[in-house]
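Asks: Supplied in structure tokens, the structure appears directly below.
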Number of protein chains: 2
Amino acid sequence: MSRKKPTIGDVARHAGVSTATVSNVLHGKTDLYAPETEDRVWRSVRALGYRPNQLARSLARGLTHTLGFVLERHHGMRLTRNPYAATVLDGFIEYAVPHHYQVKIIALTTEDPNEYAAALEDGTVDAFALLAPVQNSPMIPWASNATKPYVMIGSWFPDEPTILSIDSDNEQAMYDLVQWLIGQGHRRIGFIRGPYNHPSAIQRLSGYKRALADAGVQIREEWVVGEAYSMEEGQKGAQKLLALEPRPTAIIGGADVSALGAIEACWMSGVPVPGEVSVVGFDDIEAAPLSQPALTTVRQPMYEMGMLAAQLLIEQLQSETRLTGPIMIPTELIERGSARPWEPIASKGAAEIR
Amino acid sequence: MSRKKPTIGDVARHAGVSTATVSNVLHGKTDLYAPETEDRVWRSVRALGYRPNQLARSLARGLTHTLGFVLERHHGMRLTRNPYAATVLDGFIEYAVPHHYQVKIIALTTEDPNEYAAALEDGTVDAFALLAPVQNSPMIPWASNATKPYVMIGSWFPDEPTILSIDSDNEQAMYDLVQWLIGQGHRRIGFIRGPYNHPSAIQRLSGYKRALADAGVQIREEWVVGEAYSMEEGQKGAQKLLALEPRPTAIIGGADVSALGAIEACWMSGVPVPGEVSVVGFDDIEAAPLSQPALTTVRQPMYEMGMLAAQLLIEQLQSETRLTGPIMIPTELIERGSARPWEPIASKGAAEIR
DNA sequence: TTCTGAAACTTAAACGCTTAATGACCCCTA
DNA sequence: TAGGGGTCATTAAGCGTTTAAGTTTCAGAA
């Protein structure tokens with residue numbers, strides 16, 4: 001039943017050759033053995049049901065053919081609650097697997113730099129994708145003097161210009177979104193922000209403020225609420241915004257999950273979306289088109305960003321080069337049903353009749 | 001920059017002891033070294049920035065401290081489209097990581113038994129979780145004479161009674177759900193089934209039929225539609241059902257994703273849910289309470305099932321025993337807004353006034 | 001007839017760690 | 001004074017591969 005697995009040595013003995021020859025046959029180095037030897041070896045391999053041990057291979061070669069996908073504690077440890085992470089991961093796997101790289105998920109449970117080092121430096125992966133680290137993450141210094149290829153996804157640090165990162169231009173994208181809302185007649189625009197120490201949250205907030213300033217809208221402090229990207233924060237944030245007087249005519253979710261939570265809160269408060277308040281998000285997750293009403297949002301191609309991340313890692317490994325610097329991915333406004341032009345009070349009745 | 005990583009030998013030299021002693025200190029075998037030796041070793045470890053190489057450790061010990069989570073091709077390779085898989089995986093990771101086991105996702109891209117063997121027998125994991133294999137999966141024979149611990153989640157094969165599996169009693173749960181609908185006055189009940197070769201789909205369909213038969217309802221062939229668990233199948237299936245004359249008063253999604261697709265289709269066809277048709281699902285995924293209306297469904301504790309799977313694997317590894325047989329997890333009907341009692345035509349107007 | 005070189009293998013040293021076996025030393029006891 | 005036990009270390013044989021370097025054989029060229 002649980003008899004030992006055959007090793008390359010067993011195959012060699014069975015075929016009457018050396019282990020080196022077996023290894024060569026296994027790797028198809030055709031100029032190192034005679035065709036009839038090859039036959040014998042393959043027959044022995046099949047006869048014994050031999051399967052190479054990846055561990056031993058990796059150790060001997062110093063390469064594991066595995067890519068690490070690193071999640072930090074603040075990502076919440078649940079893929080089902082973090083569509084951003086899940087989508088990027090999907091794309092990452094999509095690219096890596098057909099290119100013969102396996103994917104190892106490294107879920108860090110503490111902020112302890114020691115745990116980071118232990119998990120990242122244990123020799124089990126050839127390269128890393130670092131998912132959206134926060135500003136003070138131990139990953140930043142680690143990345144700066146990493147010996148293996150890595151790529152950061154979804155976070156971009158202007159003061160760390162050498163770090164290879166894939167991100168969208170959060171500041172500008174949010175600026176454009178707000179400008180679009182303003183173009184639709186909105187002036188009182190609430191904003192459900194993300195984590196205080198997350199670059200994307202900071203950058204999006206900054207774009208929001210800049211757009212309002214440029215439009216000559218005096219920003220009110222109470223318009224900015226929330227402190228995380230999540231449904232719950234979206235709900236809570238929207239509740240606060242709906243209670244304001246005068247109430248914002250539009251609510252921006254710093255991420256789609258926040259916006260979805262906001263829509264939920266509007267339903268619960270009996271405030272029609274987009275009738276009385278427009279809601280927009282950022283990301284375009286799978287659930288975005290499925291909400292009622294479907295969410296208008298800024299699309300980041302997360303799946304493709306995941307694929308690109310895997311591609312860049314594999315290219316770096318194969319070419320033995322190192323890439324640096326930020327790669328900015330264009331975003332796109334996706335208009336669906338959750339936002340509509342704001343009509344001044346006077347004509348509001350008319351607007352509803354149409 | 002890319003200077004080589006220090007090995008245990010470097011530490012030994014630096015501390016003036018043998019590698020065996022370093023290894024012993026690293027593992028806290030306190031009766032094998034003097035306290036002051038321990039100090040020296042730790043100081044050297046820190047001085048050199050030494051990190052053990054897991055590969056070498058695993059090879060030497062024959063244990064990797066890694067659990068494999070095996071997804072087959074039919075799972076669709078995208079976690080974001082398969083909430084069932086994602087939720088189970090979340091639970092699996094939740095249990096494994098704090099218990100010092102890493103999780104490796106093994107995504108099989110073909111049905112080729114060779115790929116299976118290569119991926120499963122490469123020595124990189126100590127045990128496996130097999131996610132919901134289909135009936136003719138190469139995993140079944142493989143599991144039967146596996147040498148490592150494994151557990152199957154979400155599929156249960158009555159004719160393979162020794163396979164350790166975690167599942168709910170799909171047949172009975174669906175029977176109960178249908179009976180409940182019947183108790184609510186429904187008689188014409190549509191069913192969006194899952195894959196033809198998936199045990200859960202077959203079992204749920206069988207429960208559906210048995211309940212209708214027991215209630216003396218003559219089942220009509222056109223009531224059973226669909227051939228996969230997915231939003232698209234749910235939409236397409238519901239469209240067919242809505243076109244029937246007389247139209248079903250209730251639609252069962254073989255899985256929540258199907259039910260969600262069905263609700264979507266009803267919206268698109270202008271058929272109010274639950275006003276004119278009740279829709280119910282199976283699973284209780286995260287999105288279930290968020291749809292409009294919130295989905296009434298049969299809850300399977302998928303997250304907990306994932307945790308249990310990890311737990312059973314780790315227990316088997318630690319006790320060096322092997323568990324067998326099916327473990328049935330109780331289900332629970334979660335009543336939300338998407339289903340309501342069916343009122344015969346006569347009183348229908350009245351029902352709508354309330 | 002000797003030399004050269006290609007073809008086909010084998011040898012053996014890595015890769016970085018674990019662990020059973022062994023040994024040296026010292027103290028205690030009979 | 002020999003022997004027995006504890007301590008605290010070291011030695012060396014694995015774990016299952018890869019691969020550079022070396023060996024043997026033989027054909028063909030000089």
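Labels for the structure tokens follow display order: chains A, B, ..., residues from 1 in each chain, ligands from 1.
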For Gly9 in chain B, work out the shell of residues within 9 Å, counting only C-alpha atoms (C1' of nucleotides) and skipping chain neighbours fewer than 5 positions away, then give it as an NGL selection string.

Replies: (:B and (14 or 18-19 or 22)) or (:C and (16))

Asks: Include N, CA and C atoms (P, O5', C5', C4', C3', O3' and C1' of nucleotides) and write out the residues we just selected as a PDB file, in the first residue's frame.

Replies:
ATOM      1  N   HIS B  14      30.896  30.330  11.379  1.00  0.00           N
ATOM      2  CA  HIS B  14      30.930  31.604  12.093  1.00  0.00           C
ATOM      3  C   HIS B  14      30.869  31.411  13.604  1.00  0.00           C
ATOM      4  N   SER B  18      29.551  22.699  14.825  1.00  0.00           N
ATOM      5  CA  SER B  18      29.197  21.883  13.664  1.00  0.00           C
ATOM      6  C   SER B  18      27.798  22.242  13.174  1.00  0.00           C
ATOM      7  N   THR B  19      27.506  21.855  11.940  1.00  0.00           N
ATOM      8  CA  THR B  19      26.176  22.141  11.411  1.00  0.00           C
ATOM      9  C   THR B  19      25.098  21.425  12.226  1.00  0.00           C
ATOM     10  N   VAL B  22      24.126  23.594  15.047  1.00  0.00           N
ATOM     11  CA  VAL B  22      23.291  24.703  14.597  1.00  0.00           C
ATOM     12  C   VAL B  22      21.869  24.212  14.379  1.00  0.00           C
TER      13      VAL B  22
ATOM     14  P    DG C  16      23.148  25.951  -1.333  1.00  0.00           P
ATOM     15  O5'  DG C  16      22.379  25.446  -0.039  1.00  0.00           O
ATOM     16  C5'  DG C  16      20.969  25.513  -0.028  1.00  0.00           C
ATOM     17  C4'  DG C  16      20.471  24.720   1.146  1.00  0.00           C
ATOM     18  C3'  DG C  16      21.114  25.086   2.475  1.00  0.00           C
ATOM     19  O3'  DG C  16      20.069  25.289   3.402  1.00  0.00           O
ATOM     20  C1'  DG C  16      21.176  22.754   2.141  1.00  0.00           C
TER      21       DG C  16
END

Asks: Matching every Cα in sequence order between the two identical chains, what are the coordinates of chain A once fitted onto chain B? Write them as a short mmCIF file (atom, residue, chain, number, x, y, z; two decimals) with C-alpha atoms, in the first residue's frame.

Replies:
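The new file superposed11.cif reads:
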data_model
loop_
_atom_site.label_atom_id
_atom_site.label_comp_id
_atom_site.auth_asym_id
_atom_site.auth_seq_id
_atom_site.Cartn_x
_atom_site.Cartn_y
_atom_site.Cartn_z
CA MET A 1 23.73 42.97 -4.09
CA SER A 2 22.86 39.50 -5.09
CA ARG A 3 25.38 37.82 -2.79
CA LYS A 4 24.56 34.23 -1.96
CA LYS A 5 22.30 33.41 0.91
CA PRO A 6 24.14 32.04 3.93
CA THR A 7 23.66 28.36 4.64
CA ILE A 8 23.67 26.41 7.83
CA GLY A 9 27.31 25.65 7.08
CA ASP A 10 28.19 29.34 7.07
CA VAL A 11 26.53 29.74 10.43
CA ALA A 12 28.36 26.72 11.80
CA ARG A 13 31.72 28.07 10.66
CA HIS A 14 30.96 31.52 12.02
CA ALA A 15 29.97 30.12 15.39
CA GLY A 16 32.75 27.57 15.48
CA VAL A 17 30.47 24.56 15.80
CA SER A 18 29.19 21.79 13.55
CA THR A 19 26.16 22.07 11.33
CA ALA A 20 24.45 19.45 13.45
CA THR A 21 24.69 21.68 16.47
CA VAL A 22 23.33 24.63 14.55
CA SER A 23 20.45 22.50 13.39
CA ASN A 24 19.77 21.35 16.92
CA VAL A 25 19.80 24.88 18.27
CA LEU A 26 17.48 25.97 15.50
CA HIS A 27 15.05 23.29 16.55
CA GLY A 28 15.34 23.91 20.25
CA LYS A 29 16.54 20.43 21.18
CA THR A 30 17.80 21.84 24.43
CA ASP A 31 19.40 18.70 25.79
CA LEU A 32 21.81 18.52 22.88
CA TYR A 33 23.84 21.67 23.48
CA ALA A 34 25.11 23.95 26.23
CA PRO A 35 23.36 27.23 26.87
CA GLU A 36 26.41 29.28 25.96
CA THR A 37 26.70 27.41 22.66
CA GLU A 38 23.14 28.27 21.94
CA ASP A 39 23.95 31.93 22.42
CA ARG A 40 26.88 31.80 20.03
CA VAL A 41 24.79 30.09 17.39
CA TRP A 42 21.92 32.55 17.61
CA ARG A 43 24.35 35.42 17.42
CA SER A 44 25.86 34.00 14.27
CA VAL A 45 22.42 33.41 12.80
CA ARG A 46 21.57 37.04 13.29
CA ALA A 47 24.97 38.30 12.22
CA LEU A 48 24.73 36.51 8.90
CA GLY A 49 21.01 37.00 8.39
CA TYR A 50 20.57 33.27 7.99
CA ARG A 51 17.19 31.85 6.98
CA PRO A 52 16.63 28.12 6.68
CA ASN A 53 15.95 26.78 3.22
CA GLN A 54 12.59 25.07 3.31
CA LEU A 55 13.30 23.01 0.24
CA ALA A 56 16.29 21.37 1.84
CA ARG A 57 14.43 20.89 5.05
CA SER A 58 11.52 19.26 3.36
CA LEU A 59 13.74 16.99 1.35
CA ALA A 60 15.68 15.87 4.38
CA ARG A 61 12.62 15.32 6.49
CA GLY A 62 10.26 14.03 3.89
CA LEU A 63 7.64 16.53 4.99
CA THR A 64 6.79 19.81 3.36
CA HIS A 65 4.24 21.27 5.76
CA THR A 66 2.18 22.16 2.75
CA LEU A 67 -1.38 21.20 1.91
CA GLY A 68 -2.53 20.96 -1.67
CA PHE A 69 -5.89 22.36 -2.73
CA VAL A 70 -6.79 20.72 -5.98
CA LEU A 71 -9.05 22.37 -8.52
CA GLU A 72 -10.12 20.63 -11.66
CA ARG A 73 -10.63 22.08 -15.06
CA HIS A 74 -14.40 22.12 -14.75
CA HIS A 75 -14.13 24.53 -11.84
CA GLY A 76 -13.37 27.13 -14.40
CA MET A 77 -9.98 28.34 -13.25
CA ARG A 78 -11.42 31.56 -11.89
CA LEU A 79 -12.08 31.95 -8.24
CA THR A 80 -14.09 35.10 -8.87
CA ARG A 81 -16.57 33.11 -10.92
CA ASN A 82 -16.77 30.24 -8.51
CA PRO A 83 -17.85 31.51 -5.11
CA TYR A 84 -18.23 27.97 -3.85
CA ALA A 85 -14.57 27.17 -4.50
CA ALA A 86 -13.42 30.53 -3.24
CA THR A 87 -15.32 30.22 0.01
CA VAL A 88 -14.13 26.72 0.74
CA LEU A 89 -10.59 27.82 -0.04
CA ASP A 90 -10.91 30.76 2.31
CA GLY A 91 -11.89 28.46 5.14
CA PHE A 92 -9.15 26.02 4.23
CA ILE A 93 -6.51 28.73 4.41
CA GLU A 94 -8.03 30.12 7.57
CA TYR A 95 -7.41 26.86 9.36
CA ALA A 96 -4.16 25.81 7.75
CA VAL A 97 -2.09 28.97 8.11
CA PRO A 98 -2.36 29.41 11.89
CA HIS A 99 -1.56 25.71 12.20
CA HIS A 100 1.67 26.29 10.32
CA TYR A 101 0.71 24.66 7.13
CA GLN A 102 1.07 26.42 3.84
CA VAL A 103 -1.44 26.00 1.08
CA LYS A 104 -0.58 25.24 -2.49
CA ILE A 105 -3.23 25.63 -5.13
CA ILE A 106 -3.02 22.91 -7.72
CA ALA A 107 -5.01 23.97 -10.74
CA LEU A 108 -5.34 21.13 -13.20
CA THR A 109 -5.86 22.37 -16.72
CA THR A 110 -6.66 19.13 -18.53
CA GLU A 111 -8.39 15.86 -17.77
CA ASP A 112 -5.20 14.02 -18.63
CA PRO A 113 -4.46 11.49 -15.88
CA ASN A 114 -0.80 12.05 -16.54
CA GLU A 115 -1.04 15.69 -15.63
CA TYR A 116 -2.90 14.66 -12.52
CA ALA A 117 -0.22 12.24 -11.49
CA ALA A 118 2.58 14.68 -12.25
CA ALA A 119 0.96 17.44 -10.26
CA LEU A 120 -0.14 15.32 -7.33
CA GLU A 121 2.88 13.07 -6.97
CA ASP A 122 5.69 15.56 -7.21
CA GLY A 123 6.40 15.47 -3.50
CA THR A 124 5.61 19.12 -2.83
CA VAL A 125 2.65 18.59 -0.55
CA ASP A 126 1.96 16.34 2.40
CA ALA A 127 -1.76 15.98 1.86
CA PHE A 128 -4.57 17.02 -0.45
CA ALA A 129 -7.99 18.54 -0.51
CA LEU A 130 -9.82 17.54 -3.66
CA LEU A 131 -12.48 20.04 -4.56
CA ALA A 132 -15.73 18.61 -5.83
CA PRO A 133 -14.48 16.18 -8.46
CA VAL A 134 -16.80 15.04 -11.20
CA GLN A 135 -17.91 11.49 -11.58
CA ASN A 136 -15.32 10.25 -14.03
CA SER A 137 -12.48 12.28 -12.61
CA PRO A 138 -9.02 10.70 -12.57
CA MET A 139 -9.01 11.75 -8.95
CA ILE A 140 -11.33 8.95 -7.91
CA PRO A 141 -9.06 6.03 -8.75
CA TRP A 142 -6.11 8.08 -7.60
CA ALA A 143 -7.71 8.69 -4.23
CA SER A 144 -8.52 5.01 -3.75
CA ASN A 145 -4.88 4.04 -3.59
CA ALA A 146 -3.34 7.27 -2.45
CA THR A 147 -0.45 6.96 -0.08
CA LYS A 148 -0.94 10.43 1.37
CA PRO A 149 -3.90 11.73 3.33
CA TYR A 150 -6.56 13.45 1.31
CA VAL A 151 -10.09 14.67 1.71
CA MET A 152 -12.74 15.31 -0.85
CA ILE A 153 -15.00 18.31 -0.49
CA GLY A 154 -18.38 18.79 -2.09
CA SER A 155 -18.64 15.50 -3.91
CA TRP A 156 -19.78 12.24 -2.45
CA PHE A 157 -19.82 8.95 -4.29
CA PRO A 158 -22.10 6.33 -2.75
CA ASP A 159 -20.23 3.56 -4.52
CA GLU A 160 -16.85 4.69 -3.14
CA PRO A 161 -17.67 4.42 0.54
CA THR A 162 -14.07 4.49 1.77
CA ILE A 163 -13.20 7.87 0.35
CA LEU A 164 -13.04 10.51 3.07
CA SER A 165 -15.38 13.25 1.99
CA ILE A 166 -17.08 16.31 3.40
CA ASP A 167 -20.38 17.17 1.83
CA SER A 168 -23.93 18.01 2.63
CA ASP A 169 -26.74 15.61 1.98
CA ASN A 170 -27.64 17.15 -1.34
CA GLU A 171 -30.49 14.80 -2.03
CA GLN A 172 -32.27 15.32 1.25
CA ALA A 173 -31.55 19.04 1.42
CA MET A 174 -33.08 19.56 -1.98
CA TYR A 175 -35.99 17.32 -1.05
CA ASP A 176 -36.64 19.51 1.97
CA LEU A 177 -36.36 22.69 -0.05
CA VAL A 178 -38.88 21.48 -2.62
CA GLN A 179 -41.17 20.25 0.09
CA TRP A 180 -40.99 23.68 1.68
CA LEU A 181 -41.91 25.33 -1.60
CA ILE A 182 -44.80 22.93 -1.98
CA GLY A 183 -45.87 23.83 1.52
CA GLN A 184 -45.94 27.42 0.35
CA GLY A 185 -48.44 26.50 -2.29
CA HIS A 186 -46.10 26.12 -5.28
CA ARG A 187 -46.82 23.30 -7.68
CA ARG A 188 -45.11 24.27 -10.91
CA ILE A 189 -41.46 24.35 -9.91
CA GLY A 190 -38.63 24.81 -12.40
CA PHE A 191 -35.17 23.44 -11.72
CA ILE A 192 -31.87 24.72 -13.11
CA ARG A 193 -29.60 21.77 -12.77
CA GLY A 194 -25.80 21.53 -12.57
CA PRO A 195 -23.32 19.53 -14.66
CA TYR A 196 -24.48 16.12 -15.83
CA ASN A 197 -21.46 14.39 -14.40
CA HIS A 198 -21.40 16.13 -11.08
CA PRO A 199 -22.64 14.08 -8.14
CA SER A 200 -24.05 17.09 -6.31
CA ALA A 201 -26.07 18.04 -9.38
CA ILE A 202 -27.35 14.52 -9.80
CA GLN A 203 -28.22 14.19 -6.14
CA ARG A 204 -30.01 17.51 -5.99
CA LEU A 205 -32.00 16.72 -9.08
CA SER A 206 -32.96 13.42 -7.57
CA GLY A 207 -34.15 15.10 -4.37
CA TYR A 208 -36.20 17.49 -6.43
CA LYS A 209 -37.88 14.69 -8.31
CA ARG A 210 -38.53 12.64 -5.22
CA ALA A 211 -40.18 15.56 -3.44
CA LEU A 212 -42.45 16.28 -6.36
CA ALA A 213 -43.35 12.63 -6.67
CA ASP A 214 -44.08 12.34 -2.97
CA ALA A 215 -46.34 15.36 -3.22
CA GLY A 216 -48.16 13.79 -6.09
CA VAL A 217 -47.05 16.47 -8.52
CA GLN A 218 -46.70 15.19 -12.06
CA ILE A 219 -43.24 16.42 -13.10
CA ARG A 220 -42.88 17.94 -16.55
CA GLU A 221 -39.72 17.43 -18.51
CA GLU A 222 -39.40 21.07 -19.55
CA TRP A 223 -39.15 22.12 -15.94
CA VAL A 224 -35.59 20.83 -15.74
CA VAL A 225 -33.08 23.00 -17.59
CA GLY A 226 -29.39 23.91 -17.53
CA GLU A 227 -26.20 21.95 -17.44
CA ALA A 228 -23.75 23.88 -15.29
CA TYR A 229 -23.51 25.92 -12.14
CA SER A 230 -23.01 29.46 -13.42
CA MET A 231 -24.73 32.82 -13.78
CA GLU A 232 -25.01 32.38 -17.52
CA GLU A 233 -26.65 28.98 -17.26
CA GLY A 234 -28.96 30.43 -14.63
CA GLN A 235 -30.00 33.22 -16.94
CA LYS A 236 -30.49 31.01 -19.94
CA GLY A 237 -32.33 28.42 -17.92
CA ALA A 238 -34.66 30.95 -16.37
CA GLN A 239 -35.43 32.42 -19.75
CA LYS A 240 -36.58 29.01 -20.96
CA LEU A 241 -38.67 28.50 -17.85
CA LEU A 242 -40.29 31.93 -18.07
CA ALA A 243 -41.34 31.17 -21.61
CA LEU A 244 -43.28 28.09 -20.57
CA GLU A 245 -47.05 28.04 -20.56
CA PRO A 246 -48.21 27.79 -17.86
CA ARG A 247 -45.18 29.39 -16.33
CA PRO A 248 -43.61 27.88 -13.20
CA THR A 249 -44.39 29.79 -10.05
CA ALA A 250 -41.03 28.97 -8.54
CA ILE A 251 -37.54 28.45 -9.89
CA ILE A 252 -34.86 26.53 -8.07
CA GLY A 253 -31.25 27.30 -8.88
CA GLY A 254 -29.15 24.18 -8.45
CA ALA A 255 -26.60 26.56 -6.98
CA ASP A 256 -26.81 30.16 -5.83
CA VAL A 257 -25.00 31.38 -8.91
CA SER A 258 -27.70 29.82 -11.06
CA ALA A 259 -30.40 31.39 -8.91
CA LEU A 260 -28.74 34.78 -9.12
CA GLY A 261 -28.62 34.44 -12.87
CA ALA A 262 -32.28 33.52 -12.80
CA ILE A 263 -33.19 36.63 -10.81
CA GLU A 264 -31.21 38.65 -13.33
CA ALA A 265 -33.20 37.07 -16.15
CA CYS A 266 -36.47 37.85 -14.39
CA TRP A 267 -35.50 41.49 -14.07
CA MET A 268 -34.63 41.61 -17.71
CA SER A 269 -37.93 40.02 -18.69
CA GLY A 270 -39.86 42.32 -16.41
CA VAL A 271 -41.12 39.47 -14.27
CA PRO A 272 -41.18 40.60 -10.65
CA VAL A 273 -39.45 38.42 -8.07
CA PRO A 274 -41.00 37.23 -5.83
CA GLY A 275 -44.21 38.83 -7.06
CA GLU A 276 -44.82 36.54 -10.00
CA VAL A 277 -42.15 33.97 -9.52
CA SER A 278 -40.22 32.83 -6.49
CA VAL A 279 -36.52 32.05 -6.90
CA VAL A 280 -34.47 29.99 -4.50
CA GLY A 281 -30.89 28.81 -4.54
CA PHE A 282 -28.49 26.41 -2.89
CA ASP A 283 -25.20 27.23 -1.09
CA ASP A 284 -25.69 30.62 0.50
CA ILE A 285 -22.71 32.37 -1.03
CA GLU A 286 -21.65 35.85 0.09
CA ALA A 287 -23.60 37.46 -2.71
CA ALA A 288 -26.85 35.70 -1.81
CA PRO A 289 -28.08 38.25 0.74
CA LEU A 290 -27.02 41.13 -1.52
CA SER A 291 -29.18 40.48 -4.54
CA GLN A 292 -32.42 42.33 -5.05
CA PRO A 293 -34.45 40.68 -3.67
CA ALA A 294 -32.18 38.89 -1.25
CA LEU A 295 -31.94 35.23 -2.11
CA THR A 296 -33.76 32.55 -0.17
CA THR A 297 -31.47 29.57 -0.20
CA VAL A 298 -30.20 26.41 1.45
CA ARG A 299 -27.15 27.22 3.43
CA GLN A 300 -24.15 24.94 3.20
CA PRO A 301 -21.43 26.09 5.61
CA MET A 302 -18.77 26.18 2.92
CA TYR A 303 -16.28 28.20 4.86
CA GLU A 304 -16.52 25.84 7.79
CA MET A 305 -16.31 22.87 5.46
CA GLY A 306 -13.03 24.26 4.14
CA MET A 307 -11.75 24.65 7.67
CA LEU A 308 -12.82 21.15 8.56
CA ALA A 309 -11.05 19.78 5.52
CA ALA A 310 -7.78 21.38 6.59
CA GLN A 311 -8.28 20.16 10.11
CA LEU A 312 -8.88 16.57 9.06
CA LEU A 313 -5.79 16.60 6.89
CA ILE A 314 -3.58 17.97 9.62
CA GLU A 315 -4.96 15.52 12.14
CA GLN A 316 -4.31 12.62 9.84
CA LEU A 317 -0.77 13.82 9.30
CA GLN A 318 -0.04 14.26 12.95
CA SER A 319 -1.62 11.04 14.12
CA GLU A 320 -0.38 9.07 11.11
CA THR A 321 -3.82 7.55 10.84
CA ARG A 322 -6.22 7.52 7.92
CA LEU A 323 -9.86 8.52 8.11
CA THR A 324 -12.43 7.18 5.69
CA GLY A 325 -16.02 7.58 4.74
CA PRO A 326 -18.40 10.44 4.13
CA ILE A 327 -19.02 13.22 6.62
CA MET A 328 -22.39 14.82 6.12
CA ILE A 329 -22.76 18.44 7.12
CA PRO A 330 -26.24 19.68 8.03
CA THR A 331 -27.81 22.34 5.85
CA GLU A 332 -30.25 25.03 6.79
CA LEU A 333 -32.97 26.88 4.94
CA ILE A 334 -32.35 30.61 4.95
CA GLU A 335 -35.52 32.52 4.19
CA ARG A 336 -34.91 35.88 2.61
CA GLY A 337 -36.97 37.86 0.18
CA SER A 338 -36.82 36.02 -3.11
CA ALA A 339 -39.52 33.47 -2.42
CA ARG A 340 -43.02 33.81 -1.07
CA PRO A 341 -46.16 31.70 -0.80
CA TRP A 342 -48.02 31.15 -4.00
CA GLU A 343 -51.58 32.42 -4.02
CA PRO A 344 -54.02 30.82 -6.42
CA ILE A 345 -55.12 33.16 -9.22
CA ALA A 346 -58.45 33.96 -7.55
CA SER A 347 -56.97 35.67 -4.54
CA LYS A 348 -53.96 37.07 -6.32
CA GLY A 349 -55.17 40.62 -6.42
CA ALA A 350 -55.81 40.50 -2.73
CA ALA A 351 -52.38 39.13 -2.07
CA GLU A 352 -50.78 42.01 -3.88
CA ILE A 353 -52.70 44.57 -1.88
CA ARG A 354 -51.39 43.38 1.49
#

Asks: For chain C, report every residue with an atom at most 7 Å from chain A (counting only C-alpha atoms (C1' of nucleotides)), formatted as a PyMOL selection string.

Replies: chain C and resi 8+10+15

Asks: Could the residues of chain D within 9 Å of chain A, counting only C-alpha atoms (C1' of nucleotides), be given as a list in words, please?

Replies: DC15, DG16, DT17, DT18 and DT19 of chain D

Asks: Can you spit out the residues from that selection as a PDB file, in the first residue's frame, using N, CA and C atoms (P, O5', C5', C4', C3', O3' and C1' of nucleotides)?

Replies:
ATOM      1  P    DC D  15      18.061   7.710   1.714  1.00  0.00           P
ATOM      2  O5'  DC D  15      17.239   9.029   1.427  1.00  0.00           O
ATOM      3  C5'  DC D  15      16.459   9.661   2.405  1.00  0.00           C
ATOM      4  C4'  DC D  15      16.039  10.996   1.873  1.00  0.00           C
ATOM      5  C3'  DC D  15      15.981  11.032   0.343  1.00  0.00           C
ATOM      6  O3'  DC D  15      14.647  10.750  -0.061  1.00  0.00           O
ATOM      7  C1'  DC D  15      17.038  13.005   1.262  1.00  0.00           C
ATOM      8  P    DG D  16      14.411   9.659  -1.220  1.00  0.00           P
ATOM      9  O5'  DG D  16      14.631  10.501  -2.544  1.00  0.00           O
ATOM     10  C5'  DG D  16      13.758  11.585  -2.799  1.00  0.00           C
ATOM     11  C4'  DG D  16      14.299  12.381  -3.959  1.00  0.00           C
ATOM     12  C3'  DG D  16      14.569  11.552  -5.215  1.00  0.00           C
ATOM     13  O3'  DG D  16      14.073  12.279  -6.314  1.00  0.00           O
ATOM     14  C1'  DG D  16      16.481  12.772  -4.625  1.00  0.00           C
ATOM     15  P    DT D  17      13.922  11.701  -7.746  1.00  0.00           P
ATOM     16  O5'  DT D  17      14.401  12.928  -8.626  1.00  0.00           O
ATOM     17  C5'  DT D  17      15.761  13.062  -8.968  1.00  0.00           C
ATOM     18  C4'  DT D  17      16.143  14.490  -8.908  1.00  0.00           C
ATOM     19  C3'  DT D  17      16.998  14.911 -10.075  1.00  0.00           C
ATOM     20  O3'  DT D  17      16.282  15.785 -10.914  1.00  0.00           O
ATOM     21  C1'  DT D  17      18.107  15.374  -7.981  1.00  0.00           C
ATOM     22  P    DT D  18      16.874  16.063 -12.353  1.00  0.00           P
ATOM     23  O5'  DT D  18      18.187  16.922 -12.047  1.00  0.00           O
ATOM     24  C5'  DT D  18      18.056  18.267 -11.641  1.00  0.00           C
ATOM     25  C4'  DT D  18      19.431  18.894 -11.575  1.00  0.00           C
ATOM     26  C3'  DT D  18      20.125  19.037 -12.921  1.00  0.00           C
ATOM     27  O3'  DT D  18      20.686  20.335 -12.939  1.00  0.00           O
ATOM     28  C1'  DT D  18      21.528  17.852 -11.422  1.00  0.00           C
ATOM     29  P    DT D  19      21.145  20.974 -14.313  1.00  0.00           P
ATOM     30  O5'  DT D  19      22.712  20.724 -14.332  1.00  0.00           O
ATOM     31  C5'  DT D  19      23.476  21.106 -13.202  1.00  0.00           C
ATOM     32  C4'  DT D  19      24.910  20.656 -13.415  1.00  0.00           C
ATOM     33  C3'  DT D  19      25.355  20.590 -14.876  1.00  0.00           C
ATOM     34  O3'  DT D  19      26.711  20.975 -14.929  1.00  0.00           O
ATOM     35  C1'  DT D  19      25.690  18.524 -13.871  1.00  0.00           C
TER      36       DT D  19
END

Asks: Just the alpha helix (DSSP H) stuff from range 108-349 of chain B, please, per backbone DSSP, written as a PyMOL selection string.

Replies: chain B and resi 113-120+139-144+170-183+199-214+231-243+256-269+302-319+348-349
